Each structure stands twice: as C-alpha cells, then as structure tokens.
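See below for data_26.txt, which holds compact mmCIF, C-alpha atoms.
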```
# COMPACT_ATOMS: atom_id res chain seq x y z
CA MET W 1243 0.00 0.00 0.00
CA LYS W 1244 1.13 3.57 -0.62
CA ASN W 1245 1.14 4.43 3.10
CA ASP W 1246 4.04 2.03 3.69
CA SER W 1247 6.50 4.45 2.09
CA LYS W 1248 5.37 7.43 4.19
CA PRO W 1249 7.84 8.84 6.69
CA VAL W 1250 7.04 7.94 10.31
CA TYR W 1251 6.24 11.53 11.30
CA LEU W 1252 3.54 11.68 8.60
CA LYS W 1253 2.10 8.35 9.76
CA LEU W 1254 1.96 9.76 13.29
CA ARG W 1255 0.35 12.92 11.96
CA ASP W 1256 -2.30 10.77 10.26
CA THR W 1257 -2.90 8.87 13.51
CA ILE W 1258 -3.42 12.11 15.43
CA ALA W 1259 -5.66 13.55 12.71
CA ALA W 1260 -7.78 10.38 12.71
CA ALA W 1261 -8.12 10.56 16.50
CA ILE W 1262 -9.30 14.17 16.24
CA LEU W 1263 -11.76 13.35 13.45
CA ASP W 1264 -13.02 10.28 15.32
CA GLY W 1265 -13.74 12.42 18.39
CA ALA W 1266 -11.03 11.04 20.68
CA PHE W 1267 -9.73 14.61 20.97
CA GLY W 1268 -12.41 17.25 20.57
CA GLU W 1269 -11.79 20.92 19.98
CA GLY W 1270 -10.29 22.37 23.14
CA SER W 1271 -9.04 18.95 24.30
CA MET W 1272 -5.45 18.47 25.34
CA LEU W 1273 -3.34 16.16 23.20
CA PRO W 1274 -1.01 13.68 24.88
CA SER W 1275 2.44 15.02 25.65
CA VAL W 1276 5.18 14.32 23.13
CA ARG W 1277 6.76 11.76 25.44
CA ALA W 1278 3.47 10.04 26.30
CA PHE W 1279 2.43 9.77 22.65
CA ALA W 1280 5.91 8.56 21.67
CA ALA W 1281 5.76 5.82 24.31
CA GLN W 1282 2.24 4.84 23.23
CA GLN W 1283 3.24 4.62 19.57
CA GLY W 1284 6.72 3.19 20.11
CA ALA W 1285 8.22 6.17 18.33
CA ASN W 1286 11.09 8.55 18.95
CA PRO W 1287 9.96 11.71 20.82
CA LEU W 1288 11.71 13.88 18.21
CA THR W 1289 9.61 12.24 15.50
CA VAL W 1290 6.43 12.90 17.47
CA ALA W 1291 7.52 16.50 18.01
CA LYS W 1292 7.91 16.86 14.24
CA ALA W 1293 4.37 15.50 13.70
CA TYR W 1294 2.97 17.87 16.33
CA GLN W 1295 4.85 20.75 14.69
CA LEU W 1296 2.88 20.14 11.49
CA PHE W 1297 -0.34 20.73 13.43
CA GLN W 1298 1.09 23.88 14.98
CA ASP W 1299 2.20 25.19 11.58
CA CYS W 1300 -1.34 24.70 10.22
CA GLY W 1301 -2.99 26.29 13.26
CA LEU W 1302 -4.77 23.05 14.16
CA VAL W 1303 -3.45 23.08 17.72
CA GLU W 1304 -2.82 25.79 20.25
CA VAL W 1305 0.21 25.73 22.51
CA LYS W 1306 -0.23 26.74 26.11
CA ARG W 1307 3.29 27.09 27.46
CA GLY W 1308 3.91 24.89 30.44
CA VAL W 1309 0.55 23.16 30.00
CA GLY W 1310 0.45 21.40 26.63
CA LEU W 1311 -1.07 21.27 23.16
CA PHE W 1312 -4.80 21.71 22.66
CA VAL W 1313 -6.95 21.06 19.60
CA ALA W 1314 -7.82 24.46 18.14
CA SER W 1315 -11.31 25.68 17.45
CA GLY W 1316 -12.29 24.82 13.87
CA ALA W 1317 -9.64 22.09 13.59
CA VAL W 1318 -12.17 19.32 12.96
CA ASN W 1319 -13.73 21.11 9.99
CA ARG W 1320 -10.34 21.98 8.50
CA LEU W 1321 -9.05 18.42 8.96
CA ARG W 1322 -12.23 16.98 7.45
CA LYS W 1323 -11.85 19.25 4.42
CA THR W 1324 -8.21 18.20 4.01
CA GLU W 1325 -9.09 14.50 4.39
CA ARG W 1326 -11.87 14.85 1.82
CA GLU W 1327 -9.56 16.52 -0.71
CA HIS W 1328 -6.89 13.88 -0.12
CA PHE W 1329 -9.41 11.07 -0.58
CA LEU W 1330 -10.85 12.51 -3.79
CA LYS W 1331 -7.46 13.26 -5.36
CA THR W 1332 -5.35 10.37 -4.11
CA ILE W 1333 -7.43 7.40 -2.99
CA TRP W 1334 -10.68 7.57 -4.97
CA PRO W 1335 -9.10 7.28 -8.45
CA ASP W 1336 -7.49 3.93 -7.50
CA VAL W 1337 -10.70 2.71 -5.84
CA ARG W 1338 -12.75 3.73 -8.87
CA ALA W 1339 -10.32 1.98 -11.23
CA GLN W 1340 -10.52 -1.19 -9.14
CA MET W 1341 -14.33 -0.96 -9.15
CA ASP W 1342 -14.28 -0.64 -12.93
CA ARG W 1343 -12.01 -3.68 -13.25
CA ALA W 1344 -14.34 -5.68 -10.98
CA GLY W 1345 -17.43 -4.49 -12.83
CA ILE W 1346 -18.91 -2.68 -9.81
CA SER W 1347 -20.92 0.45 -10.52
CA PRO W 1348 -21.25 3.25 -7.95
CA ALA W 1349 -25.03 2.78 -8.02
CA GLU W 1350 -24.65 -0.93 -7.26
CA LEU W 1351 -22.31 -0.11 -4.40
CA LEU W 1352 -24.75 2.41 -2.94
CA GLU W 1353 -27.63 -0.07 -3.20
CA SER W 1354 -25.72 -2.65 -1.17
CA ALA W 1355 -24.79 -0.14 1.55
```
I need this file expressed as structure tokens, please.
Amino acid sequence: MKNDSKPVYLKLRDTIAAAILDGAFGEGSMLPSVRAFAAQQGANPLTVAKAYQLFQDCGLVEVKRGVGLFVASGAVNRLRKTEREHFLKTIWPDVRAQMDRAGISPAELLESA
C-alpha cells in the first residue's frame, strides 16, 4: 500500500488527525504530551515533536506554554476538508479503477450499503 512508504512523522500525523476526526480529541481537548504519545506509539519523541509541529504550523493546535497542546477551534472542519480533498485526489481514483475492473458500478455499491 502507498502508506508504507510514508515517513514515520507523517504516519503519526495521520494517527493524530484520525483521532481528532473520530472524536477522541475534541476541539479544546489536550493532546497527549510528546513523550506520552511517543511511548504509546513506540516512536522517537523527536519524530512525534515533528508530527505535532505540522499541526502547529497549520494552526490546528494551540500551545499553552507549560501546559500542553490543545486542539484548536475549527480544527475538525479543517481536517475533514483536508481529508476529503486527499481522498478525492489520491485514494478515490485507485478505488474507482478497481471498481471498474471488478465491474462494480457506484449505483450498485450504494444499493448494497
């Protein structure tokens, strides 16, 4: 799968984004510390810090010095928009091609859902 070639910090970023979108961390919620998340994921703390920095750079988290990182207001909507764009541009074309090869129409797929 394409995700296998992703750098670890991007995989960690995706894990955090999924947790936010799934509601594990709501807007205003504190994210785990770099060290705690690194231990949980079996990752290097510097790699986790790099993943967290991506969220800071995009304004998806707010830093409260001495306290921690918190999910910013509006982060869920912005992440959902980004995930949607990524799906439609990167994942959907391969899924659609595989559906075509298997003879599955979108209408048929929707009927079975």
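One distance worth recording is that between atom CA of W:Gly1270 and atom CA of W:Tyr1294, which is 15.6 Å.
When atom CA of W:Val1313 is paired with atom CA of W:Glu1325, their separation reads 16.7 Å.
Considering only C-alpha atoms, the residue among W:Val1318, W:Lys1323, W:Val1337, W:Val1309 positioned nearest to W:Ala1261 is W:Val1318.
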For this session: Have a look at W:Thr1324, W:Gln1340, W:Ser1347, W:Ser1275 and name the one nearest to W:Asp1256; count only C-alpha atoms.
Result: W:Thr1324
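Rounded to one decimal, atom CA of W:Glu1304 and atom CA of W:Ser1271 lie 10.1 Å from each other.
The closest residue to W:Lys1253, picked from W:Ala1293, W:Leu1273, W:Gln1282, W:Gly1265 and counting only C-alpha atoms, is W:Ala1293.
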Would you save stretch 1266-1298 of chain W from the block above with N, CA and C atoms, as a tab-separated table (two decimals), in the first residue's frame?
```
chain	number	residue	atom	x	y	z
W	1266	ALA	N	-11.83	11.37	19.50
W	1266	ALA	CA	-11.03	11.04	20.68
W	1266	ALA	C	-10.47	12.31	21.32
W	1267	PHE	N	-10.19	13.31	20.50
W	1267	PHE	CA	-9.73	14.61	20.97
W	1267	PHE	C	-10.60	15.68	20.33
W	1268	GLY	N	-11.53	16.21	21.09
W	1268	GLY	CA	-12.41	17.25	20.57
W	1268	GLY	C	-11.71	18.60	20.60
W	1269	GLU	N	-12.35	19.57	19.98
W	1269	GLU	CA	-11.79	20.92	19.98
W	1269	GLU	C	-11.71	21.40	21.42
W	1270	GLY	N	-10.54	21.92	21.78
W	1270	GLY	CA	-10.29	22.37	23.14
W	1270	GLY	C	-9.68	21.29	24.02
W	1271	SER	N	-9.63	20.04	23.53
W	1271	SER	CA	-9.04	18.95	24.30
W	1271	SER	C	-7.53	18.99	24.23
W	1272	MET	N	-6.91	18.53	25.31
W	1272	MET	CA	-5.45	18.47	25.34
W	1272	MET	C	-4.98	17.18	24.67
W	1273	LEU	N	-3.98	17.32	23.81
W	1273	LEU	CA	-3.34	16.16	23.20
W	1273	LEU	C	-2.35	15.56	24.18
W	1274	PRO	N	-2.02	14.27	24.02
W	1274	PRO	CA	-1.01	13.68	24.88
W	1274	PRO	C	0.32	14.41	24.70
W	1275	SER	N	1.13	14.41	25.75
W	1275	SER	CA	2.44	15.02	25.65
W	1275	SER	C	3.26	14.28	24.60
W	1276	VAL	N	4.30	14.93	24.12
W	1276	VAL	CA	5.18	14.32	23.13
W	1276	VAL	C	5.72	13.00	23.65
W	1277	ARG	N	6.18	12.99	24.87
W	1277	ARG	CA	6.76	11.76	25.44
W	1277	ARG	C	5.72	10.67	25.62
W	1278	ALA	N	4.52	11.04	26.09
W	1278	ALA	CA	3.47	10.04	26.30
W	1278	ALA	C	3.04	9.43	24.97
W	1279	PHE	N	2.86	10.28	23.95
W	1279	PHE	CA	2.43	9.77	22.65
W	1279	PHE	C	3.53	8.93	22.01
W	1280	ALA	N	4.78	9.34	22.20
W	1280	ALA	CA	5.91	8.56	21.67
W	1280	ALA	C	5.95	7.18	22.31
W	1281	ALA	N	5.76	7.11	23.62
W	1281	ALA	CA	5.76	5.82	24.31
W	1281	ALA	C	4.59	4.96	23.84
W	1282	GLN	N	3.43	5.57	23.68
W	1282	GLN	CA	2.24	4.84	23.23
W	1282	GLN	C	2.42	4.27	21.83
W	1283	GLN	N	3.07	5.02	20.96
W	1283	GLN	CA	3.24	4.62	19.57
W	1283	GLN	C	4.55	3.87	19.31
W	1284	GLY	N	5.42	3.83	20.31
W	1284	GLY	CA	6.72	3.19	20.11
W	1284	GLY	C	7.59	3.98	19.15
W	1285	ALA	N	7.49	5.29	19.25
W	1285	ALA	CA	8.22	6.17	18.33
W	1285	ALA	C	9.22	7.03	19.11
W	1286	ASN	N	10.12	7.62	18.38
W	1286	ASN	CA	11.09	8.55	18.95
W	1286	ASN	C	10.37	9.86	19.28
W	1287	PRO	N	10.60	10.43	20.47
W	1287	PRO	CA	9.96	11.71	20.82
W	1287	PRO	C	10.24	12.83	19.82
W	1288	LEU	N	11.42	12.85	19.21
W	1288	LEU	CA	11.71	13.88	18.21
W	1288	LEU	C	10.82	13.73	16.98
W	1289	THR	N	10.50	12.50	16.64
W	1289	THR	CA	9.61	12.24	15.50
W	1289	THR	C	8.20	12.70	15.82
W	1290	VAL	N	7.76	12.44	17.04
W	1290	VAL	CA	6.43	12.90	17.47
W	1290	VAL	C	6.40	14.42	17.49
W	1291	ALA	N	7.46	15.04	17.98
W	1291	ALA	CA	7.52	16.50	18.01
W	1291	ALA	C	7.40	17.07	16.60
W	1292	LYS	N	8.01	16.41	15.63
W	1292	LYS	CA	7.91	16.86	14.24
W	1292	LYS	C	6.48	16.75	13.74
W	1293	ALA	N	5.78	15.66	14.10
W	1293	ALA	CA	4.37	15.50	13.70
W	1293	ALA	C	3.52	16.58	14.35
W	1294	TYR	N	3.73	16.83	15.63
W	1294	TYR	CA	2.97	17.87	16.33
W	1294	TYR	C	3.25	19.25	15.72
W	1295	GLN	N	4.49	19.46	15.28
W	1295	GLN	CA	4.85	20.75	14.69
W	1295	GLN	C	4.02	21.01	13.42
W	1296	LEU	N	3.71	19.97	12.68
W	1296	LEU	CA	2.88	20.14	11.49
W	1296	LEU	C	1.51	20.71	11.86
W	1297	PHE	N	0.95	20.22	12.97
W	1297	PHE	CA	-0.34	20.73	13.43
W	1297	PHE	C	-0.22	22.18	13.89
W	1298	GLN	N	0.88	22.50	14.55
W	1298	GLN	CA	1.09	23.88	14.98
W	1298	GLN	C	1.21	24.80	13.77
```
